[in-house]
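> Take this structure first; my questions come after.
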Amino acid sequence: MKTLAIYNIKGGVGKTATAVNLAWLAARNARVLLWDLDPQGAATFYYRVKPKVKGGLDALIGKDSEILERVRGSDYENLDLVPADFSYRNMDLSLDHRDKPVKQLRRALKLIRDEYDYVFLDCPPSISLVSENIFHAADALVVPLIPTTLSVRTLQQLLKFCRKHDLDDLPIHPFFSMVDRRKNMHNDIIERMHNGSRSFLATSIPYASEVEQMGIKRAPLVSYMDNSPASIAYQRLWGEIQSRIYPGT
Amino acid sequence: MTAPITYRLDDSSANGFAPVLDQLRERFDLEEGEEQSLRRVFLDSFDWRLARAGYVLEASESGTGHRLEWKNRDTDTTRLTIEVPQLPRFASDLGHGPLRERLARLLDVRALVCEAYVESRIRHMALRNRHEKIVARIEYGHYLADDGTGKSQQDLGRWLFLKPVRGYAGPLERAREAIESVAKVAVAGEDLLSAAVRALGHRSMDYSSKPDIRLEPAMPAWQALQHIFNALLENIRANESGMCADRDPEFLHDFRVAVRRTRSAISDVRGVIPKGITAPFREEFRWLQEITGPARDLDVYLMGFAGYQADLSPQAADDLLPFRDFLVRTRQEAHLNLTRGIRSDRYVKLVREWPGFVATLDTGEPGKHHAEPIGTLATDLIDRAHRTVVRDGRAIGEASPATDLHELRKRCKRLRYLLEFFSSLHPPELVQELVRALKGLQDNLGNFQDYEVQSQSLDRFSRRMMEQNAAPPETYLAMGQLIEQLEEKQKAARSEFHDRFAAFDSAQTRKVFARMVGSKRRRKAGAES
């Protein structure tokens, strides 16, 4: 089982759209779990699942975790979901009260490692105890960035945080999302970052109104509009991520 | 994850699934898919390794080739899906990835064969709740099975599968009630694969290299022998075509094991049939062993080739490659000889006359133990064979010749076969413990013999290759290195022998044997009462 966290310190960068679409693409030939950790519950909404976990966060983490009983099947075979829940908004506090607070998520995921091939974590923005849990649970971080100076700075903050917390070995795969090729600044930053860092994924996701319409369809874009530029980009992105996870495939 | 619930629709139902759908419509929004034709094939090894491990490998035609689905058999959930240009025969035919790894682990050298084809006209349907969320799925339609030869199709009738969606137990229960309220629908009691295989005249998991021989202690010895011979002949016949078609090396191996066991049963279950009567058959089974031997030996070298290479330096490993070409060529000839033998009148006569002979064991000339209850005879035979192994093993010292170890190996094998033939007469945990103890010793003796035979064969092969001018000098040098290594390994096996034998000849193993065979007096008393 490989756990991929879709993460950025900043909000509004396309994390949920990435998590929702990549999870659907992965589920075409693997067993996938998407855990919506963001109390806003956008991924849960897109997948038409009720944003409620019986027993709240306490039922999911800790040694008595009942995560498998709380999983909901999506409308797609091989793709399950741990829904968002309002209790997630106090996740920091809840984690802090436990033994080994940074390993709680990792421990819960261990319980389901035989059930799934991929777990996608749709992460809330911020850098906190929740993020530290995510970093310890994940096999890699997939980091969407809007090509703006401010957004790129958040990547530096993330790298610094990882160095400081002995997480140097955690693979980080940044890529650009919501790219508007008409904007010179977007083009300049993409070119500079792609040339300057080999860790960047080559695929960028274009800004597209279809992505925003996912909320009306309540389904991942790749499932109903596979020829749109954004869908094609998500497919390429997934191919690229897979070849980083399993080199040689 | 709970398994799908499988239903069959009574053949007499005139309206098909319409009443079921009406019931479901009252409770859910139904989203009906188009009717589609689907032809799928179930793949497994001949000895059902995937099914025994709880998996199903299903292939269906897709646009560019085949879609392979790796499923859990009990829950019918797909664990992996890949697209392949053509159906794989071996695990190594697939690209590197999780499916290849899993198949390789389970199949080892076995090939995939098509166990059954299922053709269907089906519809998929999603059951949605009031929030438009899918809470269960159904697949239903008409299914037919065939064996892929295009000869005949077997009608499997109309089936419906209710498939759960995780986390929606309540709606599943409501769907189940709706379906089961229709009179003409009944829970199937078996899965589609089992039904298809049964319709084609087989049983799922019907072949095992270790035949299941069920005996009763009171059964007369001749009848027990009948069961043993019949089960072994069944395995001989079952492997015949796969061996001749050269599907994978295990067909030949299992064929030979069944022949060897038959020979062992003829000679070692003594006193039931007079020796003179079985002599011609003994000779024929020896012949079978002989004609299949060379191909099997070459299979062993080919399967162990990567191991040989790993024992050498990378350069020498490359130098060894012409030897593999030689093995492949020689094996082709050996296989041709084997096939000729199996297609000969001599073989046809043997497999015709042997079962006829076995069928008349009750009326034929009786040996002195002919009617003895197999319970007592079996324990006597096991007891005697065990004592012989212990006696001969204890007599082996540092200076004993290699032939003594080879003899002991044969005696161990006889004891092993007796334990296996009569396993149903004894508590399984006793049999398992003894087989485990014996296996440790057999492995050691087997290695000792194999290393010797292999180093001698390598020497013989290199001479033949030289005569044929089949390789550059470096190849012979690499083969020479291998011979030296095999001799070293044989020495190591010899030095391990005493520890292995001591482990077998332990107080614990003797105690287990004693529990199995009891005292002779008690056995006799038991038989007379």
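Residue numbering restarts at 1 in every chain; chains get A, B, ... in the order shown in the structure tokens, and ligands count up from 1 in that same order.
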Show me, as a PDB file with N, CA and C atoms, in the first residue's frame, the residues of chain A whose atoms get within 7 Å of chain B, using only C-alpha atoms for the distance check.

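Generated file (result08.pdb):
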```pdb
ATOM      1  N   ASN A  29      -7.262   0.578 -11.925  1.00  0.00           N
ATOM      2  CA  ASN A  29      -6.642  -0.748 -11.811  1.00  0.00           C
ATOM      3  C   ASN A  29      -5.951  -1.003 -10.487  1.00  0.00           C
ATOM      4  N   ALA A  30      -6.490  -0.425  -9.441  1.00  0.00           N
ATOM      5  CA  ALA A  30      -5.978  -0.739  -8.102  1.00  0.00           C
ATOM      6  C   ALA A  30      -7.075  -0.421  -7.093  1.00  0.00           C
ATOM      7  N   ARG A  31      -6.889  -0.897  -5.882  1.00  0.00           N
ATOM      8  CA  ARG A  31      -7.880  -0.619  -4.831  1.00  0.00           C
ATOM      9  C   ARG A  31      -7.459   0.653  -4.111  1.00  0.00           C
ATOM     10  N   ARG A  48     -20.401  12.345  -3.335  1.00  0.00           N
ATOM     11  CA  ARG A  48     -21.800  12.127  -2.932  1.00  0.00           C
ATOM     12  C   ARG A  48     -21.967  11.369  -1.611  1.00  0.00           C
ATOM     13  N   VAL A  49     -20.960  11.423  -0.772  1.00  0.00           N
ATOM     14  CA  VAL A  49     -21.059  10.703   0.500  1.00  0.00           C
ATOM     15  C   VAL A  49     -21.420  11.703   1.586  1.00  0.00           C
ATOM     16  N   GLU A  69     -14.571   0.014   9.436  1.00  0.00           N
ATOM     17  CA  GLU A  69     -16.036   0.032   9.567  1.00  0.00           C
ATOM     18  C   GLU A  69     -16.608   1.391   9.172  1.00  0.00           C
ATOM     19  N   ARG A  70     -15.748   2.401   9.145  1.00  0.00           N
ATOM     20  CA  ARG A  70     -16.244   3.745   8.833  1.00  0.00           C
ATOM     21  C   ARG A  70     -16.076   4.097   7.346  1.00  0.00           C
ATOM     22  N   VAL A  71     -15.412   3.220   6.614  1.00  0.00           N
ATOM     23  CA  VAL A  71     -15.181   3.481   5.194  1.00  0.00           C
ATOM     24  C   VAL A  71     -16.504   3.395   4.434  1.00  0.00           C
ATOM     25  N   ARG A  72     -16.676   4.273   3.438  1.00  0.00           N
ATOM     26  CA  ARG A  72     -17.868   4.228   2.589  1.00  0.00           C
ATOM     27  C   ARG A  72     -17.439   3.959   1.143  1.00  0.00           C
ATOM     28  N   GLY A  73     -18.135   3.076   0.483  1.00  0.00           N
ATOM     29  CA  GLY A  73     -17.847   2.850  -0.926  1.00  0.00           C
ATOM     30  C   GLY A  73     -18.304   4.055  -1.736  1.00  0.00           C
ATOM     31  N   ASP A  75     -19.230   5.785  -5.664  1.00  0.00           N
ATOM     32  CA  ASP A  75     -20.047   5.283  -6.778  1.00  0.00           C
ATOM     33  C   ASP A  75     -19.194   4.526  -7.801  1.00  0.00           C
ATOM     34  N   THR A 249       8.328   0.800 -14.114  1.00  0.00           N
ATOM     35  CA  THR A 249       7.056   0.224 -14.590  1.00  0.00           C
ATOM     36  C   THR A 249       6.581   0.989 -15.820  1.00  0.00           C
TER      37      THR A 249
END
```
> Could you pull the residues within 12 Å of Thr278 of chain B, counting only C-alpha atoms, minus those fewer than 3 positions along the same chain, as JSON, numbers by chain?
{"B": [262, 263, 265, 266, 267, 269, 270, 271, 272, 273, 274, 275, 281, 282, 283, 284, 285, 353, 354, 357, 358, 361, 364, 365, 366, 367]}
> Given the choices A:Leu129, A:Ile172, A:Ile241, A:Val222, which gets closest to Val20 of chain A if the distance is worked out from only C-alpha atoms?
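Between A:Leu129, A:Ile172, A:Ile241, A:Val222, the residue approaching Val20 of chain A most closely is A:Val222.
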> Could you name the residues that touch segment 34-50 of chain B at 8 Å or less, counting only C-alpha atoms, but leaving out those on the same chain fewer than 3 positions away, as a PyMOL selection string?
chain B and resi 53-61+106-107+110-124+193+204-209
> So which residues of segment 107-146 of chain A fall under strand (DSSP E) by DSSP, listed as a PyMOL selection string?
chain A and resi 118-122+140-145
> Suppose we keep C-alpha atoms; can you now write the selection as a PDB file, in the first residue's frame?

```pdb
ATOM      1  CA  TYR A 118      -3.203   3.345  -2.706  1.00  0.00           C
ATOM      2  CA  VAL A 119      -4.408   5.732  -0.043  1.00  0.00           C
ATOM      3  CA  PHE A 120      -4.855   9.383  -0.990  1.00  0.00           C
ATOM      4  CA  LEU A 121      -5.014  11.907   1.812  1.00  0.00           C
ATOM      5  CA  ASP A 122      -6.829  15.093   0.949  1.00  0.00           C
ATOM      6  CA  ALA A 140       5.198  10.765  -0.578  1.00  0.00           C
ATOM      7  CA  LEU A 141       3.730  14.249  -0.669  1.00  0.00           C
ATOM      8  CA  VAL A 142       2.143  15.494  -3.864  1.00  0.00           C
ATOM      9  CA  VAL A 143       2.163  19.280  -3.671  1.00  0.00           C
ATOM     10  CA  PRO A 144       0.020  21.386  -6.023  1.00  0.00           C
ATOM     11  CA  LEU A 145       1.289  24.944  -6.453  1.00  0.00           C
TER      12      LEU A 145
END
```
> If you count only C-alpha atoms, which residues fall within 12 Å of Arg153 of chain A, apart from same-chain ones fewer than 5 positions away, as a ChimeraX atom specification?
/A:8-10,145-148,158-160,189,193
> Output N, CA and C atoms for every residue in that selection, as a PDB file, in the first residue's frame.

```pdb
ATOM      1  N   ASN A   8      -0.619  21.074   0.705  1.00  0.00           N
ATOM      2  CA  ASN A   8       0.035  22.382   0.602  1.00  0.00           C
ATOM      3  C   ASN A   8      -0.330  23.189   1.849  1.00  0.00           C
ATOM      4  N   ILE A   9       0.619  23.972   2.300  1.00  0.00           N
ATOM      5  CA  ILE A   9       0.341  24.811   3.470  1.00  0.00           C
ATOM      6  C   ILE A   9      -0.802  25.764   3.153  1.00  0.00           C
ATOM      7  N   LYS A  10      -0.854  26.175   1.883  1.00  0.00           N
ATOM      8  CA  LYS A  10      -1.807  27.190   1.454  1.00  0.00           C
ATOM      9  C   LYS A  10      -3.105  26.532   0.953  1.00  0.00           C
ATOM     10  N   LEU A 145       0.883  23.555  -6.663  1.00  0.00           N
ATOM     11  CA  LEU A 145       1.289  24.944  -6.453  1.00  0.00           C
ATOM     12  C   LEU A 145       0.743  25.791  -7.584  1.00  0.00           C
ATOM     13  N   ILE A 146       0.192  26.955  -7.245  1.00  0.00           N
ATOM     14  CA  ILE A 146      -0.170  27.906  -8.309  1.00  0.00           C
ATOM     15  C   ILE A 146       1.124  28.647  -8.657  1.00  0.00           C
ATOM     16  N   PRO A 147       1.412  28.851  -9.927  1.00  0.00           N
ATOM     17  CA  PRO A 147       2.694  29.490 -10.258  1.00  0.00           C
ATOM     18  C   PRO A 147       2.720  30.987  -9.911  1.00  0.00           C
ATOM     19  N   THR A 148       2.723  31.273  -8.635  1.00  0.00           N
ATOM     20  CA  THR A 148       2.880  32.658  -8.166  1.00  0.00           C
ATOM     21  C   THR A 148       4.008  32.654  -7.150  1.00  0.00           C
ATOM     22  N   LEU A 158       7.752  24.457   3.328  1.00  0.00           N
ATOM     23  CA  LEU A 158       7.513  23.030   3.555  1.00  0.00           C
ATOM     24  C   LEU A 158       8.838  22.269   3.631  1.00  0.00           C
ATOM     25  N   LEU A 159       9.735  22.550   2.696  1.00  0.00           N
ATOM     26  CA  LEU A 159      11.022  21.853   2.672  1.00  0.00           C
ATOM     27  C   LEU A 159      11.798  22.134   3.949  1.00  0.00           C
ATOM     28  N   LYS A 160      11.728  23.369   4.390  1.00  0.00           N
ATOM     29  CA  LYS A 160      12.432  23.763   5.611  1.00  0.00           C
ATOM     30  C   LYS A 160      11.858  23.004   6.820  1.00  0.00           C
ATOM     31  N   ILE A 189       7.428  31.645 -14.046  1.00  0.00           N
ATOM     32  CA  ILE A 189       7.716  30.879 -12.821  1.00  0.00           C
ATOM     33  C   ILE A 189       7.843  29.393 -13.132  1.00  0.00           C
ATOM     34  N   MET A 193      11.185  27.289 -12.343  1.00  0.00           N
ATOM     35  CA  MET A 193      11.171  26.194 -11.365  1.00  0.00           C
ATOM     36  C   MET A 193      11.493  24.858 -12.030  1.00  0.00           C
TER      37      MET A 193
END
```
> Excluding Ala502 of chain B and residues on its chain fewer than 3 positions from it, collect all residues at most 12 Å away from it, counting only C-alpha atoms, and give them as a VMD selection string.
chain B and resid 390 393 to 394 396 437 to 438 440 to 441 496 to 499 505 to 510
